[in-house]
$ cat target-v1.tsv   # TSV, C-alpha atoms
chain	number	residue	atom	x	y	z
A	1	PHE	CA	82.79	-8.10	-54.47
A	2	SER	CA	82.27	-11.23	-56.59
A	3	ILE	CA	85.05	-13.00	-54.67
A	4	ILE	CA	83.44	-12.11	-51.33
A	5	LEU	CA	80.03	-13.28	-52.57
A	6	SER	CA	81.53	-16.54	-53.82
A	7	LEU	CA	83.25	-17.16	-50.48
A	8	SER	CA	80.05	-16.32	-48.59
A	9	GLN	CA	78.05	-18.76	-50.68
A	10	HIS	CA	80.68	-21.43	-50.19
A	11	HIS	CA	80.61	-20.86	-46.43
A	12	LEU	CA	76.82	-21.10	-46.27
A	13	SER	CA	76.77	-24.22	-48.38
A	14	SER	CA	79.49	-25.99	-46.42
A	15	HIS	CA	78.06	-24.83	-43.08
A	16	ASN	CA	74.73	-26.52	-43.66
A	17	GLN	CA	74.15	-28.27	-46.96
A	18	ASN	CA	70.61	-29.11	-45.88
A	19	ILE	CA	69.61	-25.45	-45.91
A	20	PHE	CA	70.53	-24.35	-49.42
A	21	ASN	CA	70.99	-26.14	-52.71
A	22	MET	CA	73.14	-23.52	-54.37
A	23	GLY	CA	73.86	-25.44	-57.60
A	24	GLY	CA	74.62	-23.06	-60.41
A	25	SER	CA	71.65	-20.85	-59.68
A	26	THR	CA	71.90	-17.32	-58.36
A	27	SER	CA	68.78	-17.91	-56.23
A	28	PRO	CA	69.07	-20.36	-53.30
A	29	THR	CA	66.45	-23.08	-53.12
A	30	LEU	CA	65.09	-23.89	-49.69
A	31	SER	CA	64.72	-27.53	-48.84
A	32	PRO	CA	61.08	-28.55	-48.28
A	33	PRO	CA	59.75	-28.56	-44.71
A	34	HIS	CA	59.96	-31.94	-43.16
A	35	LYS	CA	56.96	-33.72	-41.81
A	36	ARG	CA	57.29	-35.37	-38.42
A	37	THR	CA	56.85	-39.12	-38.61
A	38	LYS	CA	57.10	-40.15	-34.97
A	39	PRO	CA	54.28	-42.42	-33.80
A	40	CYS	CA	51.49	-41.01	-31.67
A	41	GLU	CA	52.28	-41.40	-27.98
A	42	PRO	CA	49.64	-43.11	-25.84
A	43	TYR	CA	48.24	-40.79	-23.19
A	44	ASP	CA	49.10	-41.99	-19.70
A	45	GLY	CA	47.42	-39.12	-17.84
A	46	PRO	CA	43.73	-38.89	-16.91
A	47	ALA	CA	41.39	-39.43	-19.87
A	48	PHE	CA	39.38	-36.34	-18.97
A	49	GLU	CA	42.54	-34.23	-19.03
A	50	LEU	CA	43.18	-35.29	-22.61
A	51	LYS	CA	39.53	-34.65	-23.46
A	52	CYS	CA	39.89	-31.07	-22.25
A	53	VAL	CA	43.09	-30.55	-24.25
A	54	ASN	CA	41.51	-31.96	-27.40
A	55	ASN	CA	38.41	-29.77	-27.02
A	56	ILE	CA	40.73	-26.77	-26.88
A	57	ARG	CA	42.60	-27.97	-29.95
A	58	SER	CA	39.34	-28.37	-31.84
A	59	LEU	CA	37.97	-24.97	-30.86
A	60	ALA	CA	41.24	-23.21	-31.72
A	61	ALA	CA	41.41	-24.94	-35.11
A	62	ASP	CA	37.79	-24.08	-35.93
A	63	MET	CA	38.47	-20.34	-35.88
A	64	PRO	CA	40.98	-20.16	-38.75
A	65	SER	CA	38.76	-22.52	-40.76
A	66	ALA	CA	35.75	-20.23	-40.29
A	67	ALA	CA	37.81	-17.17	-41.23
A	68	LYS	CA	39.59	-18.98	-44.07
A	69	SER	CA	42.81	-17.52	-42.65
A	70	GLY	CA	44.86	-17.74	-39.51
A	71	HIS	CA	47.32	-19.92	-37.65
A	72	PRO	CA	46.04	-23.25	-36.29
A	73	GLY	CA	49.37	-25.03	-35.82
A	74	ALA	CA	50.70	-23.35	-32.68
A	75	PRO	CA	47.35	-23.46	-30.84
A	76	MET	CA	47.02	-27.17	-31.58
A	77	GLY	CA	50.52	-27.79	-30.23
A	78	CYS	CA	50.23	-25.46	-27.23
A	79	ALA	CA	46.77	-26.54	-26.05
A	80	PRO	CA	48.19	-28.70	-23.22
A	81	MET	CA	50.06	-25.69	-21.80
A	82	ALA	CA	46.98	-23.49	-21.95
A	83	HIS	CA	44.81	-26.11	-20.27
A	84	LEU	CA	47.20	-26.53	-17.37
A	85	LEU	CA	47.62	-22.79	-16.85
A	86	TRP	CA	43.95	-21.88	-17.03
A	87	SER	CA	42.53	-24.90	-15.16
A	88	GLU	CA	45.10	-25.36	-12.40
A	89	VAL	CA	47.79	-22.71	-12.18
A	90	MET	CA	46.63	-19.15	-12.73
A	91	ASN	CA	44.58	-16.95	-10.46
A	92	TYR	CA	42.09	-14.86	-12.43
A	93	SER	CA	38.56	-13.58	-12.02
A	94	PRO	CA	36.37	-13.32	-15.15
A	95	SER	CA	33.79	-11.30	-13.20
A	96	ASN	CA	36.54	-8.94	-12.00
A	97	PRO	CA	39.04	-8.88	-14.88
A	98	GLU	CA	40.87	-5.83	-13.52
A	99	TRP	CA	41.71	-7.51	-10.19
A	100	TRP	CA	45.02	-5.98	-9.19
A	101	ASN	CA	46.55	-9.21	-7.96
A	102	ARG	CA	45.45	-11.42	-10.84
A	103	ASP	CA	48.09	-13.50	-12.56
A	104	ARG	CA	48.98	-12.04	-15.94
A	105	PHE	CA	48.98	-14.15	-19.08
A	106	VAL	CA	50.83	-13.01	-22.19
A	107	LEU	CA	50.59	-14.83	-25.51
A	108	SER	CA	53.83	-13.55	-27.00
A	109	ASN	CA	53.36	-15.43	-30.28
A	110	GLY	CA	50.20	-13.43	-30.93
A	111	HIS	CA	49.46	-15.12	-34.25
A	112	ALA	CA	48.34	-18.11	-32.13
A	113	CYS	CA	45.51	-16.01	-30.70
A	114	SER	CA	42.79	-18.56	-31.44
A	115	LEU	CA	44.24	-20.40	-28.45
A	116	GLN	CA	43.86	-17.37	-26.17
A	117	TYR	CA	40.33	-16.69	-27.42
A	118	SER	CA	39.43	-20.34	-26.76
A	119	MET	CA	40.59	-20.01	-23.17
A	120	LEU	CA	38.79	-16.69	-22.61
A	121	HIS	CA	35.62	-18.28	-24.00
A	122	LEU	CA	35.91	-21.32	-21.73
A	123	ALA	CA	36.81	-19.24	-18.67
A	124	GLY	CA	33.80	-16.96	-19.00
A	125	TYR	CA	35.30	-13.65	-20.10
A	126	GLY	CA	32.31	-12.87	-22.28
A	127	LEU	CA	33.56	-14.14	-25.63
A	128	THR	CA	30.58	-15.92	-27.15
A	129	THR	CA	30.52	-18.67	-29.75
A	130	ASP	CA	29.45	-16.05	-32.27
A	131	ASP	CA	32.53	-14.00	-31.36
A	132	LEU	CA	34.71	-17.02	-32.08
A	133	LYS	CA	32.94	-17.53	-35.40
A	134	ASN	CA	33.79	-13.91	-36.29
A	135	PHE	CA	37.52	-14.53	-35.87
A	136	ARG	CA	39.66	-12.07	-37.85
A	137	GLN	CA	36.61	-10.13	-39.09
A	138	LEU	CA	36.54	-6.34	-39.14
A	139	GLY	CA	35.25	-4.93	-35.86
A	140	SER	CA	35.08	-8.31	-34.08
A	141	LEU	CA	36.20	-9.04	-30.53
A	142	THR	CA	38.53	-11.69	-31.90
A	143	PRO	CA	41.02	-9.87	-34.14
A	144	GLY	CA	43.88	-11.61	-35.92
A	145	HIS	CA	46.28	-10.74	-33.09
A	146	PRO	CA	45.32	-10.05	-29.45
A	147	GLU	CA	44.51	-6.42	-28.64
A	148	ASN	CA	44.08	-5.37	-25.01
A	149	PHE	CA	41.84	-2.44	-25.95
A	150	VAL	CA	39.44	-4.74	-27.82
A	151	THR	CA	39.09	-8.02	-25.93
A	152	LYS	CA	38.41	-8.37	-22.21
A	153	GLY	CA	41.02	-10.60	-20.59
A	154	VAL	CA	43.83	-9.77	-23.02
A	155	GLU	CA	46.58	-8.13	-20.99
A	156	VAL	CA	48.75	-6.78	-23.79
A	157	SER	CA	48.56	-6.44	-27.56
A	158	THR	CA	50.91	-8.90	-29.20
A	159	GLY	CA	51.74	-9.28	-32.85
A	160	PRO	CA	55.32	-8.24	-33.61
A	161	LEU	CA	57.32	-11.19	-32.33
A	162	GLY	CA	59.35	-10.53	-29.18
A	163	GLN	CA	57.09	-7.73	-27.98
A	164	GLY	CA	54.94	-9.93	-25.75
A	165	ILE	CA	57.71	-11.49	-23.71
A	166	SER	CA	59.30	-8.05	-23.39
A	167	ASN	CA	56.06	-6.56	-22.09
A	168	ALA	CA	55.84	-9.46	-19.67
A	169	VAL	CA	59.17	-8.44	-18.19
A	170	GLY	CA	57.60	-5.03	-17.58
A	171	PHE	CA	54.64	-6.69	-15.84
A	172	ALA	CA	57.03	-8.62	-13.60
A	173	VAL	CA	58.96	-5.44	-12.78
A	174	ALA	CA	55.68	-3.75	-11.82
A	175	GLU	CA	54.70	-6.67	-9.56
A	176	ARG	CA	58.08	-6.51	-7.82
A	177	HIS	CA	57.77	-2.75	-7.33
A	178	PHE	CA	54.20	-2.93	-6.03
A	179	ALA	CA	55.11	-5.74	-3.63
A	180	ALA	CA	58.09	-3.80	-2.27
A	181	THR	CA	55.99	-0.66	-1.86
A	182	PHE	CA	52.72	-1.97	-0.44
A	183	ASN	CA	53.20	-5.43	1.07
A	184	THR	CA	53.57	-5.91	4.79
A	185	GLU	CA	54.38	-8.96	6.89
A	186	ALA	CA	50.68	-9.43	7.56
A	187	HIS	CA	49.32	-8.52	4.13
A	188	LYS	CA	50.71	-9.85	0.85
A	189	ILE	CA	48.73	-7.52	-1.36
A	190	PHE	CA	50.80	-8.16	-4.47
A	191	ASP	CA	52.26	-11.61	-5.09
A	192	HIS	CA	50.98	-12.57	-8.53
A	193	HIS	CA	52.90	-14.23	-11.36
A	194	THR	CA	53.27	-13.40	-15.03
A	195	TYR	CA	52.99	-16.37	-17.38
A	196	VAL	CA	54.09	-16.26	-21.01
A	197	ILE	CA	53.71	-18.61	-23.94
A	198	CYS	CA	56.24	-17.83	-26.65
A	199	GLY	CA	57.76	-19.50	-29.69
A	200	ASP	CA	61.06	-19.57	-31.54
A	201	GLY	CA	60.18	-16.40	-33.43
A	202	CYS	CA	59.91	-14.41	-30.21
A	203	LEU	CA	63.30	-15.62	-29.02
A	204	GLN	CA	64.95	-14.70	-32.31
A	205	GLU	CA	64.10	-11.03	-31.82
A	206	GLY	CA	66.65	-8.65	-30.35
A	207	VAL	CA	64.13	-6.88	-28.12
A	208	SER	CA	63.36	-10.13	-26.29
A	209	SER	CA	67.06	-10.67	-25.64
A	210	GLU	CA	67.44	-7.23	-24.10
A	211	ALA	CA	64.35	-7.60	-21.92
A	212	SER	CA	65.27	-11.14	-20.87
A	213	SER	CA	68.74	-10.02	-19.88
A	214	LEU	CA	67.19	-7.35	-17.65
A	215	ALA	CA	64.80	-9.88	-16.12
A	216	GLY	CA	67.71	-12.12	-15.19
A	217	HIS	CA	69.67	-9.20	-13.79
A	218	LEU	CA	66.74	-8.15	-11.61
A	219	GLY	CA	65.99	-11.72	-10.52
A	220	LEU	CA	62.29	-11.52	-11.41
A	221	GLY	CA	61.22	-14.77	-9.79
A	222	HIS	CA	57.54	-14.28	-10.56
A	223	LEU	CA	58.11	-14.41	-14.33
A	224	ILE	CA	57.55	-17.83	-15.92
A	225	VAL	CA	57.93	-18.39	-19.66
A	226	LEU	CA	56.62	-21.49	-21.41
A	227	TYR	CA	58.67	-21.83	-24.58
A	228	ASP	CA	56.92	-23.69	-27.39
A	229	ASP	CA	60.00	-25.55	-28.60
A	230	ASN	CA	58.54	-27.13	-31.75
A	231	ASN	CA	61.58	-26.71	-34.05
A	232	ILE	CA	59.47	-24.94	-36.69
A	233	THR	CA	59.54	-21.42	-38.13
A	234	ILE	CA	57.30	-19.90	-40.78
A	235	ASP	CA	59.64	-21.12	-43.54
A	236	GLY	CA	60.32	-24.61	-42.24
A	237	SER	CA	62.58	-26.30	-39.72
A	238	THR	CA	64.58	-24.15	-37.30
A	239	ASP	CA	67.63	-25.79	-38.88
A	240	LEU	CA	67.24	-23.14	-41.57
A	241	SER	CA	68.02	-20.18	-39.35
A	242	PHE	CA	67.93	-20.83	-35.59
A	243	THR	CA	70.30	-23.45	-34.21
A	244	GLU	CA	71.61	-21.74	-31.08
A	245	ASP	CA	71.23	-23.34	-27.64
A	246	VAL	CA	68.43	-21.22	-26.18
A	247	GLY	CA	68.80	-22.83	-22.77
A	248	LYS	CA	72.47	-21.87	-22.45
A	249	ARG	CA	71.69	-18.32	-23.55
A	250	TYR	CA	69.03	-17.96	-20.87
A	251	GLU	CA	71.29	-19.53	-18.25
A	252	ALA	CA	73.81	-16.82	-19.14
A	253	TYR	CA	71.09	-14.23	-18.56
A	254	GLY	CA	70.62	-15.62	-15.05
A	255	TRP	CA	67.40	-17.53	-15.63
A	256	GLN	CA	66.40	-20.93	-14.32
A	257	VAL	CA	66.09	-23.20	-17.37
A	258	LEU	CA	63.89	-26.30	-17.24
A	259	THR	CA	63.02	-28.79	-19.97
A	260	VAL	CA	59.84	-30.80	-20.51
A	261	GLU	CA	60.25	-33.49	-23.14
A	262	THR	CA	56.56	-34.03	-23.84
A	263	VAL	CA	53.10	-32.68	-23.13
A	264	GLU	CA	51.50	-35.10	-25.54
A	265	SER	CA	51.47	-38.19	-23.32
A	266	ASN	CA	50.78	-36.44	-19.98
A	267	LEU	CA	50.99	-33.12	-18.16
A	268	LYS	CA	52.76	-34.33	-15.02
A	269	ASP	CA	56.21	-33.15	-16.12
A	270	LEU	CA	54.92	-29.72	-17.10
A	271	ARG	CA	52.99	-29.50	-13.85
A	272	ALA	CA	56.16	-30.29	-11.89
A	273	ALA	CA	58.18	-27.78	-13.91
A	274	VAL	CA	55.69	-24.98	-13.24
A	275	GLU	CA	55.78	-25.80	-9.53
A	276	ALA	CA	59.59	-25.69	-9.59
A	277	ALA	CA	59.43	-22.35	-11.36
A	278	LYS	CA	57.07	-20.92	-8.75
A	279	ALA	CA	59.29	-22.23	-5.96
A	280	ASN	CA	62.30	-20.32	-7.30
A	281	THR	CA	61.63	-16.73	-6.30
A	282	GLU	CA	65.17	-15.55	-7.05
A	283	GLN	CA	65.22	-16.18	-10.82
A	284	PRO	CA	62.84	-15.93	-13.74
A	285	THR	CA	62.21	-19.31	-15.34
A	286	ILE	CA	61.97	-20.46	-18.93
A	287	ILE	CA	60.55	-23.93	-19.52
A	288	LYS	CA	61.55	-25.47	-22.85
A	289	ILE	CA	58.57	-27.60	-23.84
A	290	LYS	CA	58.84	-30.02	-26.74
A	291	THR	CA	55.63	-29.84	-28.79
A	292	THR	CA	54.37	-30.85	-32.21
A	293	ILE	CA	53.01	-27.99	-34.29
A	294	GLY	CA	49.60	-28.83	-35.71
A	295	LYS	CA	49.17	-31.80	-33.38
A	296	GLY	CA	46.48	-34.04	-34.83
A	297	SER	CA	46.75	-32.78	-38.41
A	298	ILE	CA	47.88	-35.01	-41.26
A	299	LEU	CA	50.67	-32.45	-41.63
A	300	GLU	CA	51.58	-32.25	-37.94
A	301	GLY	CA	55.20	-31.35	-37.34
A	302	SER	CA	55.56	-29.30	-40.51
A	303	ALA	CA	55.47	-25.60	-41.31
A	304	ALA	CA	52.46	-26.30	-43.53
A	305	THR	CA	50.24	-26.10	-40.42
A	306	HIS	CA	51.65	-22.76	-39.32
A	307	GLY	CA	49.71	-20.15	-41.23
A	308	ALA	CA	46.85	-21.78	-43.11
A	309	PRO	CA	43.57	-23.37	-41.99
A	310	LEU	CA	43.30	-27.14	-42.03
A	311	LYS	CA	41.66	-28.53	-45.14
A	312	PRO	CA	38.18	-30.00	-44.53
A	313	ASP	CA	39.30	-33.62	-44.82
A	314	ASP	CA	42.21	-32.95	-42.50
A	315	MET	CA	39.93	-31.26	-39.97
A	316	ALA	CA	37.54	-34.20	-40.10
A	317	GLN	CA	40.22	-36.79	-39.42
A	318	ALA	CA	41.78	-34.61	-36.70
A	319	LYS	CA	38.48	-34.28	-34.86
A	320	LYS	CA	37.91	-38.01	-35.17
A	321	GLY	CA	41.34	-38.63	-33.69
A	322	TRP	CA	40.69	-36.17	-30.88
A	323	GLY	CA	37.34	-37.79	-30.10
A	324	VAL	CA	35.44	-34.50	-30.33
A	325	SER	CA	32.27	-33.42	-32.11
A	326	GLU	CA	32.49	-32.86	-35.84
A	327	THR	CA	30.25	-29.80	-35.43
A	328	PRO	CA	32.41	-26.66	-35.42
A	329	PHE	CA	32.67	-24.60	-32.22
A	330	THR	CA	31.33	-27.37	-29.99
A	331	VAL	CA	32.63	-27.82	-26.45
A	332	ALA	CA	31.70	-30.90	-24.42
A	333	ASP	CA	29.44	-30.12	-21.47
A	334	ASP	CA	31.77	-31.65	-18.87
A	335	VAL	CA	34.73	-29.67	-20.22
A	336	GLN	CA	32.78	-26.43	-19.99
A	337	LYS	CA	31.64	-27.34	-16.48
A	338	LEU	CA	35.25	-27.78	-15.38
A	339	TYR	CA	36.07	-24.26	-16.50
A	340	ASP	CA	32.89	-22.87	-14.95
A	341	ASP	CA	33.93	-24.43	-11.63
A	342	VAL	CA	37.48	-23.09	-11.93
A	343	SER	CA	36.20	-19.59	-12.63
A	344	LYS	CA	33.90	-19.73	-9.59
A	345	ALA	CA	36.81	-20.84	-7.42
A	346	ASN	CA	38.92	-17.97	-8.76
A	347	ASP	CA	36.12	-15.50	-8.08
A	348	ALA	CA	36.20	-16.74	-4.48
A	349	LYS	CA	39.96	-16.04	-4.38
A	350	PHE	CA	39.26	-12.51	-5.58
A	351	ALA	CA	36.67	-12.04	-2.80
A	352	ALA	CA	39.17	-13.25	-0.18
A	353	TRP	CA	41.79	-10.85	-1.55
A	354	GLU	CA	39.30	-7.97	-1.44
A	355	GLU	CA	38.57	-8.75	2.21
A	356	MET	CA	42.28	-8.84	3.02
A	357	PHE	CA	42.88	-5.60	1.12
A	358	ALA	CA	40.06	-3.86	2.97
A	359	ALA	CA	41.61	-4.87	6.28
$ encode --input "target-v1.tsv" --output "structure tokens"
Amino acid sequence: FSIILSLSQHHLSSHNQNIFNMGGSTSPTLSPPHKRTKPCEPYDGPAFELKCVNNIRSLAADMPSAAKSGHPGAPMGCAPMAHLLWSEVMNYSPSNPEWWNRDRFVLSNGHACSLQYSMLHLAGYGLTTDDLKNFRQLGSLTPGHPENFVTKGVEVSTGPLGQGISNAVGFAVAERHFAATFNTEAHKIFDHHTYVICGDGCLQEGVSSEASSLAGHLGLGHLIVLYDDNNITIDGSTDLSFTEDVGKRYEAYGWQVLTVETVESNLKDLRAAVEAAKANTEQPTIIKIKTTIGKGSILEGSAATHGAPLKPDDMAQAKKGWGVSETPFTVADDVQKLYDDVSKANDAKFAAWEEMFAA
């Protein structure tokens, strides 16, 4: 046994000396998480687009600070994805949240739920500012992970990593079945998409592999996954435990794999990738999106932003950098108006669908 253990330790050490410092100790020492040092990219998209993204970042970061617990890093990094989906891409109706043909949104990395609550608040699903302030409090509408029996607009409860993306495959199967059963040449009653945001943790889980394999086999072209490829896990860099080529694995499953190198300087590449995903109705799509966890924090790019609120001085400098109000839970009037207008337009889409369905 001691020989096997010695060989195993030697293999681990020689395989990646940056992971463990074995020394003479019986307990491995993890190398400290690295902090990203790349310079801030100038934004070459519309200024108002960036303003919307930064308001979302601020709102999502305020919740863990108010609760003195939570996960601000992923919401801060994924805010550009959420803004694009909720302002341009998805069909939803806050006044009719059970609309059969609504697009489904699944936040598979459920610990990032302050992002989803921010979007439900902006979109008009009834989450008030007070609800956001009660984040992670007993009996609140904003629990520490999304729960579909608690919060209007949450499609599926997500917490255990891998469960959300797997449930999303089920949603896409249901859409395919409903379309095959009820659609006619004249009436496309069911043609909605299922959109997922997931992280490395979700893709490490076996259940997500099984479900994703099935999705590729069935050719679920209305399933689109936005993969938050930030190279960070709860313990540090993905170099510690997750170095596989995710894209090649999903290509082997039969998925279309697209890559977006940045959402921090513009959203045009992500916008184009989502359009390409929607155009491919024969395959599910995963979009690998390079992000920076905790974008705007002094500690951006490190695991230190994953599961702890920003310190007050860090929050202050982040909000200054984002150009948003220092007052917690503040949304600029023009940003809120954009989402009010989007929700009204989506309500009109629901009304048109109802008229078609009645025919």
$ residues_around --input "target-v1.tsv" --residues "stretch 89-96 of chain A" --least-positions-apart "4" --cutoff "6 Å" --atoms "all atoms listed in the file" --output "JSON, numbers by chain"
{"A": [85, 102, 103, 124, 125, 346, 347]}
$ residues_near_point --input "target-v1.tsv" --point "(65.7, -20.5, -10.3)" --cutoff "9 Å" --atoms "all atoms listed in the file" --output "list in words"
Gly219, Gly221, Gly254, Trp255, Gln256, Val257, Ala276, Ala277, Lys278, Ala279, Asn280, Thr281, Glu282, Gln283, Pro284 and Thr285 of chain A
$ write_last_selection --input "target-v1.tsv" --atoms "C-alpha atoms" --output "PDB file, in the frame of the given file"
ATOM      1  CA  GLY A 219      65.990 -11.720 -10.520  1.00  0.00           C
ATOM      2  CA  GLY A 221      61.220 -14.770  -9.790  1.00  0.00           C
ATOM      3  CA  GLY A 254      70.620 -15.620 -15.050  1.00  0.00           C
ATOM      4  CA  TRP A 255      67.400 -17.530 -15.630  1.00  0.00           C
ATOM      5  CA  GLN A 256      66.400 -20.930 -14.320  1.00  0.00           C
ATOM      6  CA  VAL A 257      66.090 -23.200 -17.370  1.00  0.00           C
ATOM      7  CA  ALA A 276      59.590 -25.690  -9.590  1.00  0.00           C
ATOM      8  CA  ALA A 277      59.430 -22.350 -11.360  1.00  0.00           C
ATOM      9  CA  LYS A 278      57.070 -20.920  -8.750  1.00  0.00           C
ATOM     10  CA  ALA A 279      59.290 -22.230  -5.960  1.00  0.00           C
ATOM     11  CA  ASN A 280      62.300 -20.320  -7.300  1.00  0.00           C
ATOM     12  CA  THR A 281      61.630 -16.730  -6.300  1.00  0.00           C
ATOM     13  CA  GLU A 282      65.170 -15.550  -7.050  1.00  0.00           C
ATOM     14  CA  GLN A 283      65.220 -16.180 -10.820  1.00  0.00           C
ATOM     15  CA  PRO A 284      62.840 -15.930 -13.740  1.00  0.00           C
ATOM     16  CA  THR A 285      62.210 -19.310 -15.340  1.00  0.00           C
TER      17      THR A 285
END
$ closest_atom_pairs --input "target-v1.tsv" --of "stretch 41-75 of chain A" --to "stretch 116-122 of chain A" --cutoff "12 Å" --atoms "only C-alpha atoms" --output "CSV"
residue,atom,partner,partner_atom,distance
A:Cys52,CA,A:Leu122,CA,10.5
A:Val53,CA,A:Met119,CA,10.9
A:Asn54,CA,A:Ser118,CA,11.8
A:Asn55,CA,A:Ser118,CA,9.5
A:Ile56,CA,A:Ser118,CA,6.6
A:Arg57,CA,A:Ser118,CA,8.9
A:Ser58,CA,A:Ser118,CA,9.5
A:Leu59,CA,A:Ser118,CA,6.4
A:Ala60,CA,A:Ser118,CA,6.0
A:Ala61,CA,A:Ser118,CA,9.7
A:Asp62,CA,A:Ser118,CA,10.0
A:Met63,CA,A:Ser118,CA,9.2
A:Pro64,CA,A:Tyr117,CA,11.9
A:Pro72,CA,A:Gln116,CA,11.9
A:Ala74,CA,A:Gln116,CA,11.2
A:Pro75,CA,A:Gln116,CA,8.4
$ closest_residue --input "target-v1.tsv" --among "A:Gly201, A:Pro97, A:Gly144, A:Pro42" --to "A:Ala67" --atoms "all atoms listed in the file"
A:Gly144
$ atom_distance --input "target-v1.tsv" --atom1 "atom CA of A:Phe48" --atom2 "atom CA of A:Trp86"
15.3 Å
$ residues_around --input "target-v1.tsv" --residues "A:Phe105" --least-positions-apart "6" --cutoff "8 Å" --atoms "only C-alpha atoms" --output "PyMOL selection string"
chain A and resi 154-155+194-196
$ atom_distance --input "target-v1.tsv" --atom1 "atom CA of A:Ser265" --atom2 "atom CA of A:Glu41"
5.7 Å
$ residues_near_point --input "target-v1.tsv" --point "(36.7, -15.3, -40.0)" --cutoff "7 Å" --atoms "only C-alpha atoms" --output "ChimeraX atom specification"
/A:63-64,66-68,133-137
$ atom_distance --input "target-v1.tsv" --atom1 "atom CA of A:Ala303" --atom2 "atom CA of A:Gly206"
23.1 Å
$ closest_residue --input "target-v1.tsv" --among "A:Gly199, A:Pro143, A:Gly323, A:Pro328" --to "A:Ser69" --atoms "only C-alpha atoms"
A:Pro143
$ residues_around --input "target-v1.tsv" --residues "A:Gly45" --least-positions-apart "5" --cutoff "8 Å" --atoms "all atoms listed in the file" --output "ChimeraX atom specification"
/A:50,265-268
$ closest_residue --input "target-v1.tsv" --among "A:Arg104, A:Lys344, A:Lys188, A:Arg249" --to "A:Glu210" --atoms "only C-alpha atoms"
A:Arg249
$ axis_aligned_box --input "target-v1.tsv" --around "stretch 57-61 of chain A" --padding-each-side "3 Å" --output "JSON"
{"center_x": 40.3, "center_y": -25.8, "center_z": -32.5, "size_x": 10.6, "size_y": 11.2, "size_z": 11.2}
$ build_atoms --input "target-v1.tsv" --residues "stretch 66-70 of chain A" --atoms "all heavy atoms" --output "tab-separated table (two decimals), in the coordinates of the input"
chain	number	residue	atom	x	y	z
A	66	ALA	N	36.90	-21.10	-40.05
A	66	ALA	CA	35.75	-20.23	-40.29
A	66	ALA	C	36.17	-18.95	-41.00
A	66	ALA	O	35.45	-18.44	-41.87
A	66	ALA	CB	35.07	-19.90	-38.96
A	67	ALA	N	37.33	-18.42	-40.63
A	67	ALA	CA	37.81	-17.17	-41.23
A	67	ALA	C	38.48	-17.38	-42.58
A	67	ALA	O	38.74	-16.42	-43.29
A	67	ALA	CB	38.79	-16.49	-40.27
A	68	LYS	N	38.81	-18.64	-42.87
A	68	LYS	CA	39.59	-18.98	-44.07
A	68	LYS	C	40.96	-18.32	-44.05
A	68	LYS	O	41.57	-18.04	-45.10
A	68	LYS	CB	38.83	-18.63	-45.35
A	68	LYS	CG	37.55	-19.44	-45.53
A	68	LYS	CD	36.84	-19.10	-46.83
A	68	LYS	CE	35.67	-20.04	-47.09
A	68	LYS	NZ	34.70	-20.11	-45.98
A	69	SER	N	41.45	-18.05	-42.85
A	69	SER	CA	42.81	-17.52	-42.65
A	69	SER	C	43.16	-17.64	-41.18
A	69	SER	O	42.26	-17.72	-40.32
A	69	SER	CB	42.90	-16.05	-43.11
A	69	SER	OG	42.16	-15.21	-42.24
A	70	GLY	N	44.43	-17.65	-40.90
A	70	GLY	CA	44.86	-17.74	-39.51
A	70	GLY	C	45.91	-18.80	-39.29
A	70	GLY	O	46.45	-19.37	-40.25
